[in-house]
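The structure appears below as structure tokens.
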Amino acid sequence: QVQLVESGGGLVQPGGSLRLSCAASGRIFSINTMAWYRQAPGNEREFVAHITGTGFTKYADAVKGRFTISGDNAKNVVYLQMNRLKPEDTGVYYCIRSQEGTDYWGQGTQVTVSS
């Protein structure tokens with residue numbers, strides 16, 4: 001089993017920044033992908049970004065150039081630096097770790113972008 005704990009969400013004004021963290025523990029394997037998804041009220045969950053164990057990254061078009069995903073393999077932590085936040089970035093952000101054919105989800109952290 002893998003446990004994921006997210007932190008760093010909160011309320012921020014448009015144009016502001018937040019950094020989310022996701023710490024993984026338990027049965028950790030080096031070959032993995034970690035990702036962030038988000039879900040706004042009334043919307044389906046959507047992909048935000050992912051990073052592989054070798055450092056390859058991919059972003060949703062809506063966040064390209066504003067968000068940066070990074071990881072610390074030694075600490076099993078993944079980060080999501082979110083800059084120039086917009087109201088439409090509001091939602092619950094979930095961390096996912098994929099390894100050995102299984103996806104593990106965190107409990108989510110709320111991000112609210114509002115003036």
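Ordering of the structure tokens sets the chain letters (A, B, ...); residue numbers start at 1 within each chain; ligands are numbered from 1 in the order shown.
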*Name the residues in contact with Phe67 of chain A at a cut-off of 8 Å, using only C-alpha atoms, excluding same-chain residues fewer than 6 positions from it; report them as a list in words.*
Leu80, Gln81, Met82 and Asn83 of chain A
*So which residues touch Lys64 of chain A within 10 Å, counting only C-alpha atoms, skipping near sequence neighbours fewer than 4 positions away, as a VMD selection string?*
chain A and resid 48 to 49 58 to 60 68
_Residue list (strand (DSSP E or B), DSSP) for chain A, as a PyMOL selection string_ = chain A and resi 2-7+10-12+18-26+33-39+46-52+57-59+67-72+77-82+91-99+102-105+109-113
*For each of A:Gln110, A:Pro41, A:Ser30, A:Val12, take the minimum atom-to-atom distance to Asn73 of chain A, counting only C-alpha atoms, then give the residue where this is smallest.*
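Among the listed residues, the smallest separation from Asn73 of chain A belongs to A:Ser30.
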*Contact residues around Gly71 of chain A with only C-alpha atoms at 9 Å, ignoring same-chain residues under 2 positions, as a PyMOL selection string*: chain A and resi 34+51-53+55+69+73-80
*What does the distance between atom CA of Ser7 of chain A and atom CA of Leu20 of chain A come to in Å, to one decimal place?*
5.7 Å
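Each of A:Thr109, A:Thr33, A:Ser114, A:Gln99 was compared to Gly8 of chain A using only C-alpha atoms, and A:Thr109 turns out to be the nearest.
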_Option closest in space to Tyr104 of chain A, from A:Ala23, A:Trp36, A:Asp72, A:Leu4 [counting only C-alpha atoms]_ = A:Leu4
*Nearest candidate to Gly26 of chain A (options A:Arg97, A:Glu46, A:Thr57, A:Gln39; using only C-alpha atoms)*: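 Of A:Arg97, A:Glu46, A:Thr57, A:Gln39, the one nearest Gly26 of chain A, counting only C-alpha atoms, is A:Arg97.
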*Pick the closest to Ser25 of chain A from A:Ile96, A:Val5, A:Asp61, A:Arg84: which is it, counting only C-alpha atoms?*
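Selected residue with least distance to Ser25 of chain A: A:Val5.
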*Interatomic distance, atom CA of Ser70 of chain A to atom CA of Cys95 of chain A (Å, one decimal)*: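 Computing the Euclidean distance for atom CA of Ser70 of chain A and atom CA of Cys95 of chain A yields 12.6 Å.
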*List the neighbours of Thr112 of chain A out to 12 Å using only C-alpha atoms; skip same-chain residues closer than 3 positions along the sequence, and give me the result as a PyMOL selection string.*
chain A and resi 8-14+16-18+38-41+85-93+109+115
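Between atom CA of Thr102 of chain A and atom CA of Glu44 of chain A there is a distance of 21.0 Å.
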